[in-house]
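Next up, coords22.cif (mmCIF, C-alpha atoms):
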data_run
loop_
_atom_site.label_atom_id
_atom_site.label_comp_id
_atom_site.auth_asym_id
_atom_site.auth_seq_id
_atom_site.Cartn_x
_atom_site.Cartn_y
_atom_site.Cartn_z
CA MET A 1 0.00 0.00 0.00
CA ILE A 2 1.38 3.40 -0.97
CA LYS A 3 1.78 5.92 1.81
CA PHE A 4 1.62 9.64 1.10
CA ILE A 5 2.62 12.64 3.16
CA PHE A 6 -0.21 14.55 4.79
CA LEU A 7 1.03 18.07 5.54
CA LEU A 8 -0.56 20.30 8.15
CA THR A 9 -0.52 23.88 6.91
CA VAL A 10 -1.30 27.11 8.67
CA ALA A 11 -2.35 30.60 7.68
CA TRP A 12 -0.97 33.23 10.04
CA HIS A 13 -3.61 34.36 12.54
CA ALA A 14 -6.09 32.14 10.75
CA ARG A 15 -7.64 28.76 11.27
CA THR A 16 -5.51 25.67 10.73
CA ALA A 17 -6.31 23.77 7.53
CA TYR A 18 -5.38 20.37 6.22
CA ALA A 19 -3.82 20.01 2.82
CA ALA A 20 -4.84 17.10 0.64
CA CYS A 21 -2.54 14.09 0.52
CA GLY A 22 0.29 15.21 -1.67
CA ASP A 23 3.71 14.69 -3.11
CA GLN A 24 5.62 12.18 -1.00
CA GLN A 25 8.89 13.88 -1.97
CA VAL A 26 8.04 17.13 -0.17
CA PHE A 27 8.67 15.88 3.31
CA PRO A 28 12.14 14.30 2.87
CA GLU A 29 13.44 17.57 1.41
CA LEU A 30 12.23 19.43 4.48
CA ASN A 31 13.47 16.96 7.08
CA PHE A 32 16.42 18.46 8.97
CA HIS A 33 18.71 16.90 11.56
CA PRO A 34 20.92 19.48 13.29
CA SER A 35 23.86 17.71 14.86
CA PRO A 36 25.55 18.59 18.16
CA THR A 37 28.85 17.81 16.39
CA ASN A 38 28.18 20.43 13.69
CA LEU A 39 28.34 23.63 15.75
CA GLN A 40 29.95 26.60 14.05
CA PHE A 41 32.92 28.18 15.84
CA PRO A 42 34.82 31.33 14.83
CA CYS A 43 37.73 29.14 13.75
CA GLU A 44 39.10 25.62 14.19
CA SER A 45 41.56 26.67 16.90
CA THR A 46 38.71 28.09 18.99
CA LYS A 47 36.81 24.85 18.57
CA ARG A 48 39.83 22.83 19.71
CA ILE A 49 40.22 25.03 22.79
CA TYR A 50 36.54 24.58 23.68
CA LEU A 51 36.83 20.80 23.25
CA THR A 52 40.06 20.56 25.23
CA THR A 53 38.75 22.63 28.13
CA LYS A 54 35.37 20.80 28.12
CA ARG A 55 33.50 24.01 27.38
CA TYR A 56 32.13 22.08 24.40
CA ILE A 57 30.88 18.55 25.05
CA PRO A 58 28.75 17.50 22.03
CA LYS A 59 26.71 14.91 23.93
CA ASN A 60 25.51 17.63 26.34
CA PHE A 61 24.06 19.84 23.58
CA ILE A 62 20.34 19.56 22.79
CA LEU A 63 17.71 21.77 21.13
CA THR A 64 14.31 21.88 22.84
CA ARG A 65 12.22 24.85 21.64
CA ALA A 66 12.23 26.67 18.30
CA GLN A 67 10.73 29.39 16.12
CA ILE A 68 10.94 29.88 12.36
CA HIS A 69 11.05 33.22 10.54
CA GLN A 70 11.22 32.83 6.76
CA ASN A 71 13.71 29.96 6.41
CA VAL A 72 15.70 30.67 9.58
CA VAL A 73 15.22 28.60 12.74
CA TYR A 74 15.98 30.07 16.14
CA ALA A 75 16.23 27.47 18.89
CA CYS A 76 16.91 27.03 22.61
CA ALA A 77 19.96 25.02 23.60
CA PRO A 78 19.46 25.10 27.39
CA ARG A 79 22.54 24.67 29.53
CA LEU A 80 21.18 21.61 31.30
CA ARG A 81 24.68 20.17 31.59
CA HIS A 82 28.22 21.48 31.40
CA GLY A 83 29.80 21.94 27.98
CA VAL A 84 27.12 23.87 26.05
CA PRO A 85 29.06 26.65 24.28
CA PHE A 86 26.03 28.72 23.32
CA THR A 87 22.38 28.65 24.36
CA VAL A 88 20.52 30.52 21.58
CA ALA A 89 21.08 28.79 18.23
CA LYS A 90 20.38 29.71 14.62
CA MET A 91 20.05 27.49 11.54
CA THR A 92 19.19 28.28 7.93
CA LEU A 93 16.96 25.70 6.25
CA LYS A 94 17.74 24.80 2.68
CA LYS A 95 16.12 21.96 0.76
CA GLY A 96 18.48 19.05 0.45
CA ASN A 97 20.80 20.22 3.24
CA CYS A 98 19.55 17.85 5.90
CA VAL A 99 22.28 18.67 8.46
CA PRO A 100 22.25 22.47 8.73
CA PRO A 101 25.16 24.18 10.49
CA VAL A 102 24.25 25.40 13.98
CA GLU A 103 25.60 28.79 15.05
CA PRO A 104 25.12 31.11 18.03
CA TYR A 105 22.59 33.91 17.71
CA PRO A 106 23.03 36.80 17.45
CA CYS A 107 26.73 36.50 18.30
CA TRP A 108 29.24 34.73 20.53
CA SER A 109 29.58 37.53 23.11
CA ILE A 110 25.93 37.31 24.19
CA GLN A 111 26.38 33.61 25.05
CA GLU A 112 29.11 33.94 27.68
CA GLU A 113 28.43 31.81 30.73
CA GLY A 114 28.88 33.76 33.96
CA ASN A 115 28.48 37.17 32.29
CA CYS A 116 25.17 38.59 33.53
CA GLN A 117 24.92 40.88 30.49
CA ALA A 118 24.78 37.70 28.39
CA ILE A 119 22.18 34.92 28.14
CA GLN A 120 22.90 32.08 30.56
CA SER A 121 20.35 29.42 29.62
CA CYS A 122 17.53 29.74 27.10
CA THR A 123 14.44 27.85 28.27
CA ASP A 124 11.90 29.23 25.78
CA LEU A 125 11.64 31.77 22.97
CA VAL A 126 9.04 33.61 20.90
CA HIS A 127 9.40 35.38 17.55
CA ASP A 128 6.71 38.02 17.20
CA ALA A 129 5.11 39.96 14.35
CA GLN A 130 7.43 42.93 15.05
CA ASN A 131 10.51 40.82 14.18
CA ILE A 132 11.56 40.59 17.82
CA LEU A 133 12.94 37.31 19.12
CA TRP A 134 12.13 37.17 22.84
CA VAL A 135 14.37 34.81 24.84
CA LEU A 136 13.56 33.55 28.34
CA ASP A 137 16.81 33.21 30.28
CA SER A 138 16.43 31.27 33.54
CA GLY A 139 19.83 32.48 34.80
CA ASP A 140 20.66 28.92 35.94
CA THR A 141 23.05 26.46 34.33
CA ASN A 142 24.00 22.80 34.76
CA THR A 143 20.48 22.16 36.08
CA LEU A 144 20.44 18.38 35.50
CA ASP A 145 23.67 17.76 37.39
CA GLN A 146 24.80 20.38 39.91
CA PRO A 147 22.69 23.51 39.37
CA ILE A 148 24.55 26.81 39.35
CA HIS A 149 22.68 30.09 39.78
CA ARG A 150 24.64 32.43 37.51
CA CYS A 151 22.48 35.54 37.18
CA ASP A 152 19.01 36.95 37.68
CA ALA A 153 16.38 35.59 35.31
CA LYS A 154 15.51 37.88 32.40
CA VAL A 155 13.77 38.13 29.05
CA VAL A 156 15.91 39.47 26.21
CA GLY A 157 14.46 40.94 23.02
CA ILE A 158 16.58 40.69 19.86
CA CYS A 159 15.60 42.35 16.57
CA THR A 160 16.00 39.71 13.86
CA LYS A 161 16.39 42.41 11.19
CA THR A 162 19.29 44.24 12.82
CA HIS A 163 20.46 41.35 15.08
CA LYS A 164 20.73 43.83 17.96
CA VAL A 165 19.40 43.51 21.51
CA VAL A 166 16.50 45.97 21.81
CA SER A 167 15.16 45.00 25.23
CA SER A 168 16.35 43.30 28.40
CA VAL A 169 13.76 42.77 31.13
CA SER A 170 15.11 41.68 34.51
CA LEU A 171 12.83 39.35 36.45
CA GLY A 172 15.03 39.35 39.55
CA ASP A 173 12.48 41.16 41.74
CA LEU A 174 9.68 38.79 40.67
CA VAL A 175 11.31 35.43 41.44
CA ASN A 176 12.66 33.59 44.46
CA GLN A 177 14.56 30.40 45.26
CA LYS A 178 11.44 28.28 44.58
CA SER A 179 10.96 29.74 41.09
CA ARG A 180 11.15 27.53 38.00
CA LEU A 181 10.71 29.65 34.89
CA GLN A 182 9.72 27.32 32.09
CA HIS A 183 7.57 28.84 29.35
CA LEU A 184 7.19 32.24 27.70
CA VAL A 185 4.33 33.96 25.87
CA VAL A 186 4.44 37.43 24.28
CA GLU A 187 1.51 39.45 22.94
CA TYR A 188 0.61 43.03 22.08
CA ASP A 189 -2.49 44.84 23.31
CA ASP A 190 -4.74 46.96 21.10
CA THR A 191 -2.50 50.00 21.53
CA GLY A 192 0.66 48.14 20.54
CA ASN A 193 2.13 47.65 24.03
CA ALA A 194 4.13 44.43 24.43
CA PHE A 195 3.27 42.13 27.34
CA ILE A 196 5.37 39.19 28.53
CA TYR A 197 3.86 36.22 30.38
CA VAL A 198 6.20 33.75 32.09
CA ALA A 199 5.14 30.53 33.81
CA ASP A 200 6.69 30.08 37.25
CA GLY A 201 5.92 26.44 38.02
CA GLY A 202 7.67 26.47 41.37
CA ASN A 203 5.40 29.21 42.75
CA ASN A 204 2.15 28.36 40.90
CA CYS A 205 2.04 31.82 39.39
CA LEU A 206 2.38 33.81 36.19
CA ILE A 207 4.78 36.70 35.84
CA VAL A 208 3.24 39.52 33.80
CA TYR A 209 5.47 42.27 32.46
CA ASP A 210 4.36 45.40 30.61
CA VAL A 211 7.44 46.10 28.49
CA THR A 212 6.33 49.56 27.37
CA ARG A 213 5.71 50.80 30.92
CA ASP A 214 8.62 48.77 32.38
CA LYS A 215 6.36 47.32 35.05
CA GLY A 216 5.91 43.74 36.21
CA TYR A 217 3.90 41.78 38.76
CA LYS A 218 2.89 38.23 39.72
CA ILE A 219 -0.50 36.61 39.29
CA VAL A 220 -1.05 33.79 41.79
CA LEU A 221 -3.00 30.89 40.26
CA PRO A 222 -5.64 28.74 41.99
CA PRO A 223 -4.33 25.73 43.97
CA ALA A 224 -6.60 23.56 41.79
CA LEU A 225 -3.98 23.82 39.02
CA HIS A 226 -1.74 21.39 40.87
CA ASN A 227 -4.45 19.01 42.09
CA GLY A 228 -3.06 15.50 41.79
CA CYS A 229 0.56 16.65 42.04
CA ALA A 230 2.90 15.27 44.68
CA SER A 231 5.11 18.23 43.84
CA ARG A 232 4.78 20.99 41.28
CA ASP A 233 6.54 20.12 38.06
CA VAL A 234 6.20 21.73 34.62
CA LEU A 235 3.64 24.53 34.23
CA TYR A 236 2.65 24.79 30.56
CA ILE A 237 1.17 27.94 29.05
CA THR A 238 0.05 28.51 25.44
CA LEU A 239 -1.50 31.59 23.84
CA ILE A 240 -4.79 30.86 22.08
CA ARG A 241 -6.59 33.40 19.86
CA LYS A 242 -10.24 32.46 19.53
CA THR A 243 -12.71 33.37 16.81
CA ASN A 244 -14.40 35.85 19.18
CA GLY A 245 -11.31 38.04 18.83
CA LEU A 246 -10.10 37.47 22.41
CA SER A 247 -6.83 35.93 23.53
CA TYR A 248 -6.54 33.29 26.23
CA LEU A 249 -3.69 31.65 28.06
CA TYR A 250 -4.27 27.88 28.36
CA MET A 251 -2.51 26.35 31.36
CA ASN A 252 -1.87 23.04 33.06
CA TYR A 253 0.72 21.33 35.19
CA LEU A 254 2.19 18.15 33.74
CA CYS A 255 1.23 16.39 36.98
CA GLY A 256 -2.17 18.08 37.11
CA THR A 257 -5.54 16.56 36.29
CA ASN A 258 -7.35 19.53 34.68
CA LEU A 259 -6.92 22.10 31.91
CA PHE A 260 -7.41 25.81 32.69
CA SER A 261 -7.48 29.14 30.88
CA ILE A 262 -7.58 32.85 31.55
CA LYS A 263 -8.30 35.76 29.23
CA THR A 264 -5.09 37.70 28.73
CA LYS A 265 -6.95 40.98 29.18
CA HIS A 266 -7.50 39.90 32.79
CA LEU A 267 -3.77 39.30 33.20
CA ARG A 268 -3.03 42.78 31.86
CA GLN A 269 -5.51 44.18 34.38
CA GLY A 270 -3.85 42.31 37.25
CA GLU A 271 -6.71 39.87 37.84
CA GLY A 272 -5.81 36.37 39.00
CA SER A 273 -7.55 33.39 40.55
CA SER A 274 -11.09 34.72 40.16
CA ALA A 275 -10.63 35.01 36.39
CA VAL A 276 -9.25 31.49 35.82
CA VAL A 277 -11.61 29.03 34.10
CA ASP A 278 -11.43 25.30 34.83
CA HIS A 279 -12.28 23.36 31.65
CA GLY A 280 -12.47 20.03 33.44
CA THR A 281 -10.55 16.79 33.64
CA ILE A 282 -8.06 15.99 30.90
CA PRO A 283 -9.47 12.99 28.95
CA GLY A 284 -8.08 9.56 29.67
CA ASP A 285 -6.36 10.71 32.86
CA LYS A 286 -3.42 11.74 30.67
CA LYS A 287 -0.50 13.83 31.82
CA LEU A 288 -0.80 16.53 29.20
CA VAL A 289 2.19 18.15 27.46
CA GLN A 290 1.31 21.37 25.64
CA LEU A 291 3.40 21.61 22.47
CA GLY A 292 2.21 24.84 20.86
CA ASN A 293 -0.50 26.53 18.82
CA ASP A 294 -1.38 27.49 15.25
CA ASN A 295 -1.59 31.24 15.96
CA ALA A 296 -5.34 30.75 16.33
CA ASN A 297 -7.63 28.51 18.39
CA TYR A 298 -5.93 25.11 18.01
CA LEU A 299 -3.71 23.59 20.68
CA PHE A 300 -1.14 20.86 19.90
CA VAL A 301 -0.52 18.35 22.69
CA ARG A 302 0.80 14.91 23.53
CA GLY A 303 0.71 12.65 26.55
CA LYS A 304 3.70 12.36 28.88
CA ASP A 305 6.28 9.96 27.39
CA GLU A 306 4.04 9.60 24.30
CA ARG A 307 5.24 10.37 20.78
CA ASN A 308 1.92 10.96 19.01
CA ILE A 309 0.82 14.57 18.46
CA TYR A 310 -2.84 15.53 18.86
CA LEU A 311 -4.76 18.62 17.79
CA TYR A 312 -7.40 20.09 20.09
CA ASN A 313 -9.86 22.80 19.04
CA THR A 314 -10.18 24.92 22.19
CA GLU A 315 -13.65 26.01 21.10
CA THR A 316 -14.96 22.48 21.64
CA CYS A 317 -15.61 20.44 24.79
CA LEU A 318 -12.71 18.83 26.60
CA LYS A 319 -13.35 15.20 25.63
CA SER A 320 -11.36 12.46 23.94
CA SER A 321 -13.21 12.63 20.61
CA ASN A 322 -12.09 16.24 20.17
CA PHE A 323 -8.40 15.33 20.32
CA VAL A 324 -7.44 14.50 16.72
CA LEU A 325 -4.32 12.47 15.99
CA VAL A 326 -2.26 14.52 13.52
CA GLN A 327 1.11 12.78 13.65
CA LYS A 328 2.17 9.32 14.75
CA GLY A 329 5.46 9.34 16.59
CA GLY A 330 8.52 7.29 15.78
CA GLU A 331 10.39 5.04 18.15
CA CYS A 332 13.20 7.31 19.25
CA ARG A 333 12.23 10.98 19.48
CA LEU A 334 9.74 12.91 21.60
CA PRO A 335 8.25 16.15 20.18
CA THR A 336 8.99 19.15 22.41
CA HIS A 337 7.53 22.05 20.39
CA VAL A 338 5.08 22.62 17.51
CA PHE A 339 5.10 26.02 15.81
CA PRO A 340 4.01 27.71 12.55
CA GLY A 341 6.48 28.94 9.97
CA TYR A 342 8.45 28.25 6.80
CA GLN A 343 6.35 27.57 3.67
CA ASN A 344 3.17 27.97 5.76
CA TYR A 345 3.57 24.57 7.41
CA MET A 346 3.29 23.70 11.05
CA TRP A 347 6.71 22.49 12.21
CA VAL A 348 7.93 20.12 14.92
CA ILE A 349 11.18 19.93 16.82
CA SER A 350 11.79 16.58 18.50
CA SER A 351 14.67 14.69 20.09
CA ASN A 352 15.50 11.74 22.30
CA THR A 353 15.09 13.90 25.39
CA HIS A 354 14.36 10.87 27.56
CA HIS A 355 17.81 9.48 26.74
CA TYR A 356 19.40 12.90 27.22
CA VAL A 357 17.88 13.39 30.68
CA ALA A 358 19.06 9.89 31.67
CA ASP A 359 22.54 10.77 30.33
CA LYS A 360 22.39 7.87 27.88
CA VAL A 361 23.11 9.61 24.57
CA GLY A 362 26.25 8.67 22.68
CA SER A 363 29.32 10.80 22.15
CA THR A 364 27.78 12.44 19.07
CA GLY A 365 24.94 13.80 21.17
CA ALA A 366 21.17 13.95 21.01
CA ASP A 367 19.16 12.82 17.98
CA ILE A 368 17.40 16.06 16.93
CA ALA A 369 14.90 16.54 14.10
CA ILE A 370 13.07 19.57 12.69
CA HIS A 371 10.39 18.93 10.08
CA PRO A 372 6.85 19.82 9.00
CA LEU A 373 4.01 18.27 10.98
CA VAL A 374 2.86 15.31 8.95
CA LYS A 375 0.90 12.11 9.13
CA ASP A 376 0.58 9.15 6.80
CA CYS A 377 -2.64 8.66 4.89
CA ASP A 378 -3.53 5.75 2.65
#

Before anything else, please render the file you have as structure tokens.
Amino acid sequence: MIKFIFLLTVAWHARTAYAACGDQQVFPELNFHPSPTNLQFPCESTKRIYLTTKRYIPKNFILTRAQIHQNVVYACAPRLRHGVPFTVAKMTLKKGNCVPPVEPYPCWSIQEEGNCQAIQSCTDLVHDAQNILWVLDSGDTNTLDQPIHRCDAKVVGICTKTHKVVSSVSLGDLVNQKSRLQHLVVEYDDTGNAFIYVADGGNNCLIVYDVTRDKGYKIVLPPALHNGCASRDVLYITLIRKTNGLSYLYMNYLCGTNLFSIKTKHLRQGEGSSAVVDHGTIPGDKKLVQLGNDNANYLFVRGKDERNIYLYNTETCLKSSNFVLVQKGGECRLPTHVFPGYQNYMWVISSNTHHYVADKVGSTGADIAIHPLVKDCD
């Protein structure tokens, strides 16, 4: 039986649509495998120095979150272990070049570990409609082995046209020792003011920052968010734009039992628990991993330790039949982010994160893939 590629396409700020089963050659040409052994250094002597001094250990390099603008991928390489030479990566996608070179973005100097003017560890990033790449920097390195608190957490804005830093928002006054800053959302209000939302899983709260007014505060979330949790783990947040013209932040803990949301206008007004909506129990008692959105009202998810990707229309009831399987997973890699971009496709970044966390990847490092979201159809 012949199998064809089923590509999931997206129109910016519009509803997700499915393309008809198409040319099976499209997908292989757009299947990229950035390699931890293919990092770009200023010169070979610099690379040798980094290798000799263990500032570059290929097996400790992994990409977890990504954004695409035109044919350029920007990705997080969090410093989860020692030997990650840079933490914000850039790759240019070209058909047929399946192993794209990986380079620091925007430059080497902004990647210096221990320099609080630089980015210490990228945990999430957002590329917005104003050509600003917003980078969430936790300030902590070596977090899977012996965590080191290097600097205050911050969000850095980089213009992808000029490649210059245009904003640096310190979160030092809004976090504490319990904080775990995991996910980032950026949106603009009707007057063009930029707002940053950061999930602090350790404190069951959202950090809201009005970039234009240089003002930030915390929104404490209801305890119900971590019902079923022995301890608070990952707090997922995803921006959803519904057909009523309003924006919502969908939230859940990985260990939690229910899915929640809040209108972002309430966050901008400083409203918290009273404005949070509980959508009910996650179907099948799954531990839900939010993977991303389509710039509209669809949410991409998977179950914990599951490789299949599902699509959920947030304007429908929270029940199993409304979670549509859109990509069957392979044996080795887990998807960690789904995002819209190049050639109007939805894209996926995946890797063998479970092996990486267990420190069981080989000397060549993690198995990373970036490709359009697809599924087989007969």

Determine the residue set returned by the PyMOL selection byres ((chain A and resi 38-45) around 6) for the present structure, and present it as a PDB file with C-alpha atoms, keeping the file's coordinate frame.
ATOM      1  CA  SER A  35      23.860  17.710  14.860  1.00  0.00           C
ATOM      2  CA  PRO A  36      25.550  18.590  18.160  1.00  0.00           C
ATOM      3  CA  THR A  37      28.850  17.810  16.390  1.00  0.00           C
ATOM      4  CA  THR A  46      38.710  28.090  18.990  1.00  0.00           C
ATOM      5  CA  LYS A  47      36.810  24.850  18.570  1.00  0.00           C
ATOM      6  CA  ARG A  48      39.830  22.830  19.710  1.00  0.00           C
ATOM      7  CA  PRO A 101      25.160  24.180  10.490  1.00  0.00           C
ATOM      8  CA  VAL A 102      24.250  25.400  13.980  1.00  0.00           C
ATOM      9  CA  GLU A 103      25.600  28.790  15.050  1.00  0.00           C
TER      10      GLU A 103
END

Worksheet entry | the PyMOL selection byres ((chain A and resi 252) around 9) applied to the shown file, residues as a list in words |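 Against this file, the PyMOL selection byres ((chain A and resi 252) around 9) returns the residues Leu225, His226, Val234, Leu235, Tyr236, Ile237, Tyr250, Met251, Tyr253, Leu254, Cys255, Gly256, Thr257, Asn258, Leu259, Phe260, Ser261, Leu288, Val289 and Gln290 of chain A.
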
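Shortest separation to Asp189 (chain A) among A:Val155, A:Val73, A:Ile110, A:Leu246 occurs at residue A:Leu246, atoms counted being only C-alpha atoms.
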
Fill in: Straight-line distance linking CA of Thr191 (chain A) with CA of Lys263 (chain A), stated in Å to one decimal
17.2 Å

Worksheet entry | Explicit residues for the PyMOL selection byres ((chain A and resi 212) around 10) (as a list in words) | Gly192, Asn193, Ala194, Phe195, Tyr209, Asp210, Val211, Arg213, Asp214 and Lys215 of chain A

Response to the item:
For Ile262 (chain A), the closest of A:Gly303, A:Gly83, A:Gly139, A:Pro222 counting all atoms listed in the file is A:Pro222

Worksheet item: Can you tell me, as a PyMOL selection string, what residues are no more than 6 Å from region 166-177 of chain A when counting all atoms listed in the file, ignoring any on the same chain fewer than 5 positions away?
Response: chain A and resi 152-158

Discussion item. If we count only C-alpha atoms and set the cut-off at 6 Å, which residues sit around Gly202 (chain A), ignoring sequence neighbours fewer than 4 positions away in its own chain? Please answer as number ranges by chain.
Written reply: A: 178-180

Practice prompt. Could you pull out every residue with an atom within 7 Å of (-0.1, 24.9, 16.3), file coordinates, counting only C-alpha atoms, and send them as an MDAnalysis selection string?
Written response: chainID A and resid 292:295 298:300 338:340 346
